[in-house]
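Chemist: Coordinates in start29.pdb, PDB, C-alpha atoms, are listed below.
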```pdb
ATOM      1  CA  MET Y   1     -25.600   6.482 -24.247
ATOM      2  CA  ARG Y   2     -22.253   6.553 -22.438
ATOM      3  CA  LEU Y   3     -22.250   6.120 -18.671
ATOM      4  CA  ARG Y   4     -20.628   9.033 -16.849
ATOM      5  CA  VAL Y   5     -19.658   8.551 -13.227
ATOM      6  CA  VAL Y   6     -18.255  12.096 -13.136
ATOM      7  CA  PRO Y   7     -19.524  14.952 -15.362
ATOM      8  CA  ASP Y   8     -17.213  16.098 -18.133
ATOM      9  CA  GLU Y   9     -16.772  19.447 -16.418
ATOM     10  CA  THR Y  10     -16.685  19.881 -12.640
ATOM     11  CA  HIS Y  11     -15.997  23.014 -10.644
ATOM     12  CA  ILE Y  12     -15.322  21.663  -7.161
ATOM     13  CA  ASP Y  13     -13.329  23.894  -4.835
ATOM     14  CA  PHE Y  14     -10.895  21.422  -3.271
ATOM     15  CA  PHE Y  15      -9.304  24.195  -1.221
ATOM     16  CA  LYS Y  16     -12.541  25.320   0.423
ATOM     17  CA  ALA Y  17     -11.917  23.182   3.504
ATOM     18  CA  ARG Y  18      -8.154  22.783   3.118
ATOM     19  CA  TYR Y  19      -7.444  23.541   6.764
ATOM     20  CA  VAL Y  20      -9.962  20.891   7.854
ATOM     21  CA  THR Y  21      -8.738  18.209   5.456
ATOM     22  CA  PHE Y  22      -5.052  18.881   6.033
ATOM     23  CA  GLY Y  23      -5.602  19.148   9.784
ATOM     24  CA  ALA Y  24      -7.470  15.833   9.772
ATOM     25  CA  SER Y  25      -4.543  14.227   7.971
ATOM     26  CA  VAL Y  26      -2.082  15.545  10.560
ATOM     27  CA  ILE Y  27      -4.288  14.323  13.423
ATOM     28  CA  LEU Y  28      -4.620  10.853  11.866
ATOM     29  CA  MET Y  29      -0.849  10.664  11.384
ATOM     30  CA  VAL Y  30      -0.278  11.577  15.040
ATOM     31  CA  LEU Y  31      -2.856   8.992  16.166
ATOM     32  CA  SER Y  32      -1.156   6.384  13.973
ATOM     33  CA  ILE Y  33       2.181   7.091  15.628
ATOM     34  CA  VAL Y  34       0.576   6.883  19.077
ATOM     35  CA  ALA Y  35      -1.155   3.581  18.240
ATOM     36  CA  TRP Y  36       2.107   2.202  16.847
ATOM     37  CA  ALA Y  37       4.044   3.268  19.966
ATOM     38  CA  VAL Y  38       1.458   2.129  22.517
ATOM     39  CA  MET Y  39      -0.118  -0.968  20.973
ATOM     40  CA  GLY Y  40       2.670  -2.032  18.642
ATOM     41  CA  LEU Y  41       2.221  -4.186  15.565
ATOM     42  CA  ASN Y  42       0.868  -7.711  15.532
ATOM     43  CA  PHE Y  43       3.902  -9.189  13.774
ATOM     44  CA  GLY Y  44       3.343 -12.403  11.859
ATOM     45  CA  ILE Y  45       5.589 -15.421  11.659
ATOM     46  CA  ASP Y  46       7.927 -13.689   9.196
ATOM     47  CA  PHE Y  47       8.961 -11.175  11.868
ATOM     48  CA  ARG Y  48       8.542 -13.230  15.040
ATOM     49  CA  GLY Y  49      10.127 -16.479  13.950
ATOM     50  CA  GLY Y  50       8.492 -19.879  13.834
ATOM     51  CA  THR Y  51       8.342 -23.190  12.037
ATOM     52  CA  THR Y  52       7.247 -24.091   8.507
ATOM     53  CA  ILE Y  53       5.868 -27.590   7.966
ATOM     54  CA  ARG Y  54       5.376 -29.075   4.505
ATOM     55  CA  THR Y  55       2.669 -31.731   4.389
ATOM     56  CA  GLN Y  56       1.771 -34.311   1.780
ATOM     57  CA  SER Y  57      -1.329 -36.465   1.533
ATOM     58  CA  GLU Y  58      -3.323 -38.560  -0.876
ATOM     59  CA  VAL Y  59      -6.517 -36.643  -0.152
ATOM     60  CA  ALA Y  60      -7.233 -33.138  -1.433
ATOM     61  CA  VAL Y  61      -6.165 -30.402   0.983
ATOM     62  CA  ASP Y  62      -9.000 -28.778   2.910
ATOM     63  CA  VAL Y  63      -7.540 -25.626   4.490
ATOM     64  CA  GLY Y  64     -10.670 -25.070   6.575
ATOM     65  CA  GLN Y  65     -10.527 -28.542   8.121
ATOM     66  CA  TYR Y  66      -6.806 -28.202   8.800
ATOM     67  CA  ARG Y  67      -7.377 -24.884  10.557
ATOM     68  CA  ASP Y  68     -10.260 -26.279  12.637
ATOM     69  CA  ALA Y  69      -8.090 -29.247  13.687
ATOM     70  CA  LEU Y  70      -5.216 -27.007  14.842
ATOM     71  CA  GLN Y  71      -7.255 -24.281  16.512
ATOM     72  CA  PRO Y  72      -7.815 -26.192  19.813
ATOM     73  CA  LEU Y  73      -4.033 -26.596  20.222
ATOM     74  CA  GLY Y  74      -3.625 -22.889  20.985
ATOM     75  CA  LEU Y  75      -0.535 -22.403  18.821
ATOM     76  CA  GLY Y  76      -1.151 -18.719  18.146
ATOM     77  CA  ASP Y  77      -0.549 -17.425  14.631
ATOM     78  CA  VAL Y  78      -0.953 -20.304  12.150
ATOM     79  CA  LEU Y  79      -0.906 -19.873   8.364
ATOM     80  CA  ILE Y  80      -2.090 -22.679   6.088
ATOM     81  CA  SER Y  81      -1.850 -22.618   2.302
ATOM     82  CA  GLU Y  82      -2.138 -25.226  -0.410
ATOM     83  CA  VAL Y  83       0.794 -25.695  -2.789
ATOM     84  CA  PHE Y  84      -0.004 -26.195  -6.483
ATOM     85  CA  ASP Y  85       2.456 -27.653  -8.979
ATOM     86  CA  PRO Y  86       1.650 -29.027 -12.465
ATOM     87  CA  SER Y  87       4.202 -31.802 -11.894
ATOM     88  CA  PHE Y  88       2.247 -33.243  -8.956
ATOM     89  CA  ASP Y  89       0.429 -36.544  -9.463
ATOM     90  CA  ASP Y  90      -3.322 -36.761  -8.945
ATOM     91  CA  ASP Y  91      -2.808 -38.232  -5.460
ATOM     92  CA  HIS Y  92      -0.049 -35.770  -4.564
ATOM     93  CA  HIS Y  93      -1.541 -32.981  -2.426
ATOM     94  CA  VAL Y  94       0.795 -30.584  -0.631
ATOM     95  CA  ALA Y  95       0.206 -27.860   1.945
ATOM     96  CA  MET Y  96       2.422 -25.433   3.854
ATOM     97  CA  ILE Y  97       1.704 -24.844   7.559
ATOM     98  CA  ARG Y  98       3.507 -22.002   9.308
ATOM     99  CA  ILE Y  99       3.361 -21.857  13.103
ATOM    100  CA  GLN Y 100       4.714 -18.968  15.150
ATOM    101  CA  ALA Y 101       7.489 -19.549  17.683
ATOM    102  CA  GLN Y 102       6.016 -20.382  21.051
ATOM    103  CA  GLU Y 103       6.738 -18.267  24.119
ATOM    104  CA  GLY Y 104      10.219 -18.862  25.473
ATOM    105  CA  GLN Y 105      11.246 -20.912  22.408
ATOM    106  CA  GLU Y 106      13.008 -19.973  19.182
ATOM    107  CA  SER Y 107      10.973 -22.517  17.223
ATOM    108  CA  VAL Y 108       8.210 -25.047  17.643
ATOM    109  CA  ALA Y 109       9.307 -27.956  19.850
ATOM    110  CA  GLY Y 110       9.416 -31.518  18.512
ATOM    111  CA  GLU Y 111       6.590 -32.545  20.832
ATOM    112  CA  THR Y 112       4.424 -29.780  19.393
ATOM    113  CA  VAL Y 113       5.160 -30.965  15.851
ATOM    114  CA  GLU Y 114       4.030 -34.483  16.833
ATOM    115  CA  THR Y 115       0.856 -33.025  18.355
ATOM    116  CA  VAL Y 116       0.161 -31.118  15.134
ATOM    117  CA  LEU Y 117       0.682 -34.284  13.073
ATOM    118  CA  ALA Y 118      -1.722 -36.235  15.277
ATOM    119  CA  ALA Y 119      -4.369 -33.506  15.015
ATOM    120  CA  LEU Y 120      -4.116 -33.425  11.228
ATOM    121  CA  GLN Y 121      -4.142 -37.217  10.898
ATOM    122  CA  ALA Y 122      -7.486 -37.171  12.673
ATOM    123  CA  VAL Y 123      -8.728 -35.274   9.613
ATOM    124  CA  ASP Y 124      -6.697 -37.162   6.999
ATOM    125  CA  GLU Y 125      -5.001 -40.450   7.842
ATOM    126  CA  THR Y 126      -2.714 -40.266   4.795
ATOM    127  CA  ILE Y 127      -1.107 -36.976   5.756
ATOM    128  CA  ARG Y 128       2.621 -36.899   6.548
ATOM    129  CA  PHE Y 129       5.259 -34.229   7.083
ATOM    130  CA  THR Y 130       7.924 -34.103   4.367
ATOM    131  CA  SER Y 131       9.932 -31.242   5.882
ATOM    132  CA  VAL Y 132      10.075 -29.135   9.034
ATOM    133  CA  GLU Y 133      12.086 -25.887   8.958
ATOM    134  CA  SER Y 134      12.466 -23.235  11.645
ATOM    135  CA  VAL Y 135      13.262 -19.508  11.486
ATOM    136  CA  GLY Y 136      14.753 -17.960  14.613
ATOM    137  CA  PRO Y 137      14.167 -14.444  15.992
ATOM    138  CA  LYS Y 138      17.583 -13.254  14.726
ATOM    139  CA  VAL Y 139      16.607 -13.844  11.107
ATOM    140  CA  SER Y 140      13.201 -12.299  11.790
ATOM    141  CA  GLY Y 141      14.878  -9.162  13.186
ATOM    142  CA  GLU Y 142      16.943  -8.883  10.022
ATOM    143  CA  LEU Y 143      13.749  -9.131   7.978
ATOM    144  CA  ILE Y 144      12.274  -6.189   9.893
ATOM    145  CA  GLN Y 145      15.364  -4.073   9.150
ATOM    146  CA  THR Y 146      15.283  -5.092   5.484
ATOM    147  CA  ALA Y 147      11.585  -4.226   5.246
ATOM    148  CA  ILE Y 148      12.179  -0.747   6.699
ATOM    149  CA  ILE Y 149      15.080  -0.179   4.299
ATOM    150  CA  ALA Y 150      12.918  -1.286   1.347
ATOM    151  CA  VAL Y 151      10.148   1.209   2.167
ATOM    152  CA  MET Y 152      12.548   4.096   2.869
ATOM    153  CA  THR Y 153      14.529   3.376  -0.302
ATOM    154  CA  ALA Y 154      11.342   3.461  -2.362
ATOM    155  CA  LEU Y 155      10.398   6.847  -0.867
ATOM    156  CA  ALA Y 156      13.879   8.242  -1.490
ATOM    157  CA  ALA Y 157      13.897   7.040  -5.110
ATOM    158  CA  ILE Y 158      10.492   8.615  -5.731
ATOM    159  CA  LEU Y 159      11.663  11.870  -4.134
ATOM    160  CA  PHE Y 160      14.619  11.980  -6.545
ATOM    161  CA  TYR Y 161      12.453  11.041  -9.572
ATOM    162  CA  ILE Y 162       9.818  13.713  -8.927
ATOM    163  CA  TRP Y 163      12.556  16.264  -8.274
ATOM    164  CA  LEU Y 164      14.068  15.574 -11.692
ATOM    165  CA  ARG Y 165      10.753  15.490 -13.525
ATOM    166  CA  PHE Y 166       9.139  18.519 -11.884
ATOM    167  CA  GLU Y 167      10.552  20.820  -9.182
ATOM    168  CA  TRP Y 168      11.644  20.173  -5.616
ATOM    169  CA  GLN Y 169       8.354  21.532  -4.264
ATOM    170  CA  PHE Y 170       6.470  18.822  -6.158
ATOM    171  CA  SER Y 171       8.803  16.104  -4.852
ATOM    172  CA  VAL Y 172       8.326  17.234  -1.247
ATOM    173  CA  GLY Y 173       4.526  17.240  -1.688
ATOM    174  CA  ALA Y 174       4.521  13.811  -3.347
ATOM    175  CA  VAL Y 175       6.735  12.143  -0.726
ATOM    176  CA  ALA Y 176       4.794  13.779   2.120
ATOM    177  CA  ALA Y 177       1.611  12.276   0.657
ATOM    178  CA  LEU Y 178       3.272   8.854   0.389
ATOM    179  CA  PHE Y 179       4.551   9.085   3.963
ATOM    180  CA  HIS Y 180       0.977   9.954   4.978
ATOM    181  CA  ASP Y 181      -0.344   6.833   3.206
ATOM    182  CA  VAL Y 182       2.239   4.472   4.716
ATOM    183  CA  LEU Y 183       1.865   5.861   8.232
ATOM    184  CA  LEU Y 184      -1.948   5.665   8.173
ATOM    185  CA  THR Y 185      -1.761   2.083   6.920
ATOM    186  CA  ILE Y 186       0.621   1.109   9.720
ATOM    187  CA  GLY Y 187      -1.633   2.959  12.163
ATOM    188  CA  ILE Y 188      -4.778   1.048  11.245
ATOM    189  CA  PHE Y 189      -2.879  -2.260  11.333
ATOM    190  CA  SER Y 190      -1.714  -1.358  14.830
ATOM    191  CA  ALA Y 191      -5.132  -0.164  16.032
ATOM    192  CA  LEU Y 192      -6.963  -3.244  14.713
ATOM    193  CA  GLN Y 193      -4.057  -5.608  15.506
ATOM    194  CA  ILE Y 194      -4.157  -7.103  12.023
ATOM    195  CA  ARG Y 195      -1.317  -9.496  11.293
ATOM    196  CA  PHE Y 196       1.712  -7.609   9.924
ATOM    197  CA  ASP Y 197       4.040  -9.756   7.824
ATOM    198  CA  LEU Y 198       6.110  -9.673   4.638
ATOM    199  CA  ALA Y 199       2.937  -9.656   2.540
ATOM    200  CA  THR Y 200       1.990  -6.395   4.268
ATOM    201  CA  ILE Y 201       5.374  -4.901   3.327
ATOM    202  CA  ALA Y 202       4.654  -5.877  -0.279
ATOM    203  CA  ALA Y 203       1.273  -4.159   0.086
ATOM    204  CA  LEU Y 204       2.947  -0.976   1.397
ATOM    205  CA  LEU Y 205       5.251  -0.876  -1.626
ATOM    206  CA  THR Y 206       2.223  -1.429  -3.877
ATOM    207  CA  ILE Y 207       0.414   1.449  -2.162
ATOM    208  CA  ILE Y 208       3.422   3.715  -2.730
ATOM    209  CA  GLY Y 209       3.439   2.858  -6.437
ATOM    210  CA  TYR Y 210      -0.305   3.331  -6.836
ATOM    211  CA  SER Y 211      -0.442   6.614  -4.931
ATOM    212  CA  ILE Y 212       2.522   8.206  -6.720
ATOM    213  CA  ASN Y 213       0.995   7.318 -10.084
ATOM    214  CA  ASP Y 214      -2.184   9.182  -9.153
ATOM    215  CA  THR Y 215      -0.191  12.140  -7.834
ATOM    216  CA  VAL Y 216       1.998  12.380 -10.953
ATOM    217  CA  VAL Y 217      -1.097  12.498 -13.188
ATOM    218  CA  ILE Y 218      -2.373  15.531 -11.271
ATOM    219  CA  PHE Y 219       1.081  17.150 -11.225
ATOM    220  CA  ASP Y 220       1.448  16.657 -14.984
ATOM    221  CA  ARG Y 221      -1.840  18.447 -15.628
ATOM    222  CA  LEU Y 222      -0.860  21.142 -13.149
ATOM    223  CA  ARG Y 223       2.407  21.767 -14.980
ATOM    224  CA  GLU Y 224       0.581  22.050 -18.306
ATOM    225  CA  ASN Y 225      -1.963  24.484 -16.860
ATOM    226  CA  LEU Y 226       0.731  26.604 -15.206
ATOM    227  CA  ARG Y 227       2.147  27.279 -18.666
ATOM    228  CA  LYS Y 228      -1.277  27.685 -20.243
ATOM    229  CA  PHE Y 229      -2.858  30.029 -17.684
ATOM    230  CA  LYS Y 230       0.003  32.343 -16.894
ATOM    231  CA  THR Y 231      -1.917  34.980 -14.952
ATOM    232  CA  MET Y 232      -4.328  32.674 -13.080
ATOM    233  CA  PRO Y 233      -3.572  32.386  -9.325
ATOM    234  CA  LEU Y 234      -1.820  29.166  -8.333
ATOM    235  CA  GLN Y 235      -4.717  27.981  -6.158
ATOM    236  CA  GLU Y 236      -7.183  28.289  -9.037
ATOM    237  CA  VAL Y 237      -4.825  26.493 -11.412
ATOM    238  CA  MET Y 238      -4.542  23.633  -8.913
ATOM    239  CA  ASN Y 239      -8.308  23.402  -8.558
ATOM    240  CA  LEU Y 240      -8.684  23.346 -12.330
ATOM    241  CA  SER Y 241      -6.060  20.606 -12.661
ATOM    242  CA  VAL Y 242      -7.690  18.355 -10.058
ATOM    243  CA  ASN Y 243     -11.122  18.868 -11.609
ATOM    244  CA  GLU Y 244      -9.792  18.009 -15.067
ATOM    245  CA  THR Y 245      -8.290  14.737 -13.798
ATOM    246  CA  LEU Y 246     -11.117  13.924 -11.370
ATOM    247  CA  SER Y 247     -12.911  11.541 -13.742
ATOM    248  CA  ARG Y 248      -9.728   9.542 -14.302
ATOM    249  CA  THR Y 249      -8.982   9.478 -10.561
ATOM    250  CA  ILE Y 250     -12.433   8.227  -9.560
ATOM    251  CA  MET Y 251     -12.688   5.661 -12.358
ATOM    252  CA  THR Y 252      -9.231   4.235 -11.650
ATOM    253  CA  SER Y 253      -9.736   4.072  -7.887
ATOM    254  CA  GLY Y 254     -13.306   2.798  -8.230
ATOM    255  CA  THR Y 255     -12.529  -0.087 -10.565
ATOM    256  CA  THR Y 256      -9.487  -1.041  -8.466
ATOM    257  CA  LEU Y 257     -11.608  -1.067  -5.311
ATOM    258  CA  LEU Y 258     -14.226  -3.304  -6.939
ATOM    259  CA  ALA Y 259     -11.613  -5.990  -7.558
ATOM    260  CA  LEU Y 260     -10.050  -5.543  -4.130
ATOM    261  CA  ILE Y 261     -13.359  -5.758  -2.273
ATOM    262  CA  ALA Y 262     -14.161  -8.979  -4.111
ATOM    263  CA  LEU Y 263     -10.805 -10.413  -3.005
ATOM    264  CA  LEU Y 264     -11.333  -9.106   0.516
ATOM    265  CA  VAL Y 265     -14.672 -10.907   0.825
ATOM    266  CA  LEU Y 266     -13.933 -14.071  -1.136
ATOM    267  CA  GLY Y 267     -10.145 -14.383  -1.038
ATOM    268  CA  GLY Y 268      -9.819 -16.230   2.244
ATOM    269  CA  ASP Y 269      -7.723 -15.709   5.345
ATOM    270  CA  VAL Y 270      -4.331 -16.238   3.672
ATOM    271  CA  ILE Y 271      -4.423 -13.032   1.590
ATOM    272  CA  ARG Y 272      -6.916 -11.017   3.649
ATOM    273  CA  GLY Y 273      -4.294  -8.850   5.390
ATOM    274  CA  PHE Y 274      -2.527  -8.125   2.110
ATOM    275  CA  VAL Y 275      -5.754  -7.197   0.316
ATOM    276  CA  PHE Y 276      -7.002  -5.100   3.239
ATOM    277  CA  ALA Y 277      -3.756  -3.108   3.238
ATOM    278  CA  ILE Y 278      -4.018  -2.351  -0.482
ATOM    279  CA  THR Y 279      -7.735  -1.517  -0.213
ATOM    280  CA  TRP Y 280      -7.065   0.930   2.593
ATOM    281  CA  GLY Y 281      -4.055   2.269   0.702
ATOM    282  CA  VAL Y 282      -6.080   2.989  -2.440
ATOM    283  CA  VAL Y 283      -8.557   5.025  -0.393
ATOM    284  CA  VAL Y 284      -5.995   7.068   1.553
ATOM    285  CA  GLY Y 285      -3.726   7.291  -1.519
ATOM    286  CA  THR Y 286      -6.474   8.863  -3.595
ATOM    287  CA  TYR Y 287      -7.303  11.226  -0.738
ATOM    288  CA  SER Y 288      -3.671  12.260  -0.237
ATOM    289  CA  SER Y 289      -3.143  12.899  -3.953
ATOM    290  CA  VAL Y 290      -6.036  15.365  -3.952
ATOM    291  CA  TYR Y 291      -5.832  16.914  -0.490
ATOM    292  CA  VAL Y 292      -2.294  16.459   0.868
ATOM    293  CA  ALA Y 293       0.222  16.688  -1.990
ATOM    294  CA  LYS Y 294      -1.215  19.776  -3.651
ATOM    295  CA  ASN Y 295      -1.727  21.600  -0.332
ATOM    296  CA  ILE Y 296       1.977  21.260   0.406
ATOM    297  CA  VAL Y 297       2.901  22.436  -3.098
ATOM    298  CA  LEU Y 298       0.624  25.475  -2.648
ATOM    299  CA  TRP Y 299       2.231  26.238   0.712
ATOM    300  CA  LEU Y 300       5.778  25.955  -0.691
ATOM    301  CA  GLY Y 301       4.938  27.836  -3.897
ATOM    302  CA  VAL Y 302       6.239  26.969  -7.353
ATOM    303  CA  LYS Y 303       7.831  28.722 -10.285
ATOM    304  CA  ARG Y 304       6.266  28.699 -13.702
ATOM    305  CA  ASP Y 305       7.331  29.719 -17.186
ATOM    306  CA  TRP Y 306       5.811  33.029 -18.232
ATOM    307  CA  SER Y 307       7.082  32.678 -21.775
ATOM    308  CA  LYS Y 308       6.936  29.461 -23.745
ATOM    309  CA  PRO Y 309      10.094  28.502 -25.625
ATOM    310  CA  SER Y 310       9.756  28.642 -29.393
ATOM    311  CA  ASN Y 311      11.988  27.422 -32.222
ATOM    312  CA  THR Y 312      13.789  30.746 -32.339
ATOM    313  CA  GLU Y 313      13.968  31.318 -28.610
ATOM    314  CA  GLY Y 314      15.603  28.003 -27.813
ATOM    315  CA  ASN Y 315      15.512  27.208 -24.099
ATOM    316  CA  GLN Y 316      15.260  30.732 -22.697
ATOM    317  CA  PHE Y 317      12.751  31.017 -19.836
ATOM    318  CA  ALA Y 318      11.652  33.874 -17.678
ATOM    319  CA  ASN Y 319      10.806  32.310 -14.322
ATOM    320  CA  VAL Y 320       8.809  34.364 -11.891
ATOM    321  CA  ASP Y 321       7.684  33.273  -8.446
ATOM    322  CA  THR Y 322       3.979  32.936  -8.039
TER     323      THR Y 322
END
```
Can you turn what I pasted into structure tokens?

Modeler:
Amino acid sequence: MRLRVVPDETHIDFFKARYVTFGASVILMVLSIVAWAVMGLNFGIDFRGGTTIRTQSEVAVDVGQYRDALQPLGLGDVLISEVFDPSFDDDHHVAMIRIQAQEGQESVAGETVETVLAALQAVDETIRFTSVESVGPKVSGELIQTAIIAVMTALAAILFYIWLRFEWQFSVGAVAALFHDVLLTIGIFSALQIRFDLATIAALLTIIGYSINDTVVIFDRLRENLRKFKTMPLQEVMNLSVNETLSRTIMTSGTTLLALIALLVLGGDVIRGFVFAITWGVVVGTYSSVYVAKNIVLWLGVKRDWSKPSNTEGNQFANVDT
């Protein structure tokens, strides 16, 4: 017997509470902007500047012990990760420690580096620093600008792609849904003051790709049904299209969330912000594909082909506004 998470045929009216769902989305977007403006983002080392220290020891790296040793120093945002390389010898253990720039300084002072070394040597006497590199606030500011450009470029490229593949109404709905996803993700990062770094930017781009894939699947079915059901009202065709793709949407989002939740719980502090962003993005991305994108397309209205081209008719269409 085959397991069915969603019945083969569903008849859910996704427009029944469209004013509530769309209104809730608008309210959440406004709250996200307010949280961003008032509380700001908790920028990580990538955007605030700091110092990266490469360590080497003869004893296996214990990230937990390293973090416990540095916590009493009050250095602020500290990232610790182990470096793996097949070329390393058995007694060659490397870690990367990233410390945010201290207040009033562009990088971590030499005295602070010595204090960090002493604290770590209390855990492992064989540990030594092989390199110490600093990133100033100027470079960090450039990274912020580059990150914004990357996200906006992705949205613009998707707008152009959807416009070519469907119609401009579909592209506006798709990009509005993506903007909704990105803004809500930034909003929750601001409200919860979760560390926002380059990994989070990568997560935002991943969310954009995931959400647009889900939206395009629904739009593809909608385009097919618009040609198939030529006299059916647009709202009913949209409901039919979402219901027909609902099983795929839930199964894809559900299996993705299972993996993400496992990483969120067991993945550790290094990737927790990245995984949380994608987890949140999958949820709001699925929601926006169903409740935001299609509502905008319905509001804008679309054209559909009332006569299908045949071999003898060539590419002649009779387009009528719905």

Chemist: To one decimal place in Å, what is the distance between CA of Leu226 in chain Y and CA of Ile208 in chain Y?

Modeler: 26.2 Å

Chemist: Pick the closest to Met29 in chain Y from Y:Val182, Y:Ala202, Y:Trp299, Y:Ile250: which is it, counting only C-alpha atoms?

Modeler: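 Going through Y:Val182, Y:Ala202, Y:Trp299, Y:Ile250 one by one, the smallest distance to Met29 in chain Y is for Y:Val182.
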
Chemist: Evaluate the PyMOL selection byres ((chain Y and resi 237) around 10) against this structure - the residues, as a ChimeraX atom specification, please.

Modeler: /Y:221-226,228-236,238-243

Chemist: Could you please determine the separation between CA of Val63 in chain Y and CA of Thr126 in chain Y in Å, to one decimal place?

Modeler: 15.4 Å

Chemist: For the structure shown, which residues end up in the PyMOL selection byres ((chain Y and resi 77) around 10)? Put them as a list of chain:residue names, please?

Modeler: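 Applying the PyMOL selection byres ((chain Y and resi 77) around 10) to the structure shown produces Y:Asn42, Y:Phe43, Y:Gly44, Y:Ile45, Y:Gly50, Y:Gln71, Y:Gly74, Y:Leu75, Y:Gly76, Y:Val78, Y:Leu79, Y:Arg98, Y:Ile99, Y:Gln100, Y:Ala101, Y:Gln102, Y:Arg195.
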
Chemist: Name the residues within 9 Å of (-2.3, -1.3, 1.5), counting all atoms listed in the file in the file's coordinates, and put them as a list in words.

Modeler: Asp181, Val182, Thr185, Thr200, Ile201, Ala202, Ala203, Leu204, Leu205, Thr206, Ile207, Ile208, Gly273, Phe274, Val275, Phe276, Ala277, Ile278, Thr279, Trp280, Gly281 and Val282 of chain Y

Chemist: Run through the PyMOL selection byres ((chain Y and resi 113) around 12) on the given coordinates and return the selected residues as number ranges by chain.

Modeler: Y: 50-55, 70, 73, 75, 97-99, 101-102, 107-112, 114-120, 128-129, 131-134

Chemist: Extract, using only C-alpha atoms, all DNA, RNA and protein residues at most 10 Å from Ser25 in chain Y, discarding same-chain residues fewer than 6 positions from it, and format them as an MDAnalysis selection string.

Modeler: chainID Y and resid 19 31 177 180:181 184 284 287:288 291:292

Chemist: I need the residue nearest Tyr161 in chain Y from this list: Y:Val175, Y:Leu257, Y:Leu266, Y:Ile271. Use only C-alpha atoms for the distance.

Modeler: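 Among the listed residues, the smallest separation from Tyr161 in chain Y belongs to Y:Val175.
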
Chemist: I'd like to know which of Y:Leu263, Y:Gly254, Y:Val151, Y:Glu244 is closest to His11 in chain Y, using all atoms listed in the file.

Modeler: Y:Glu244
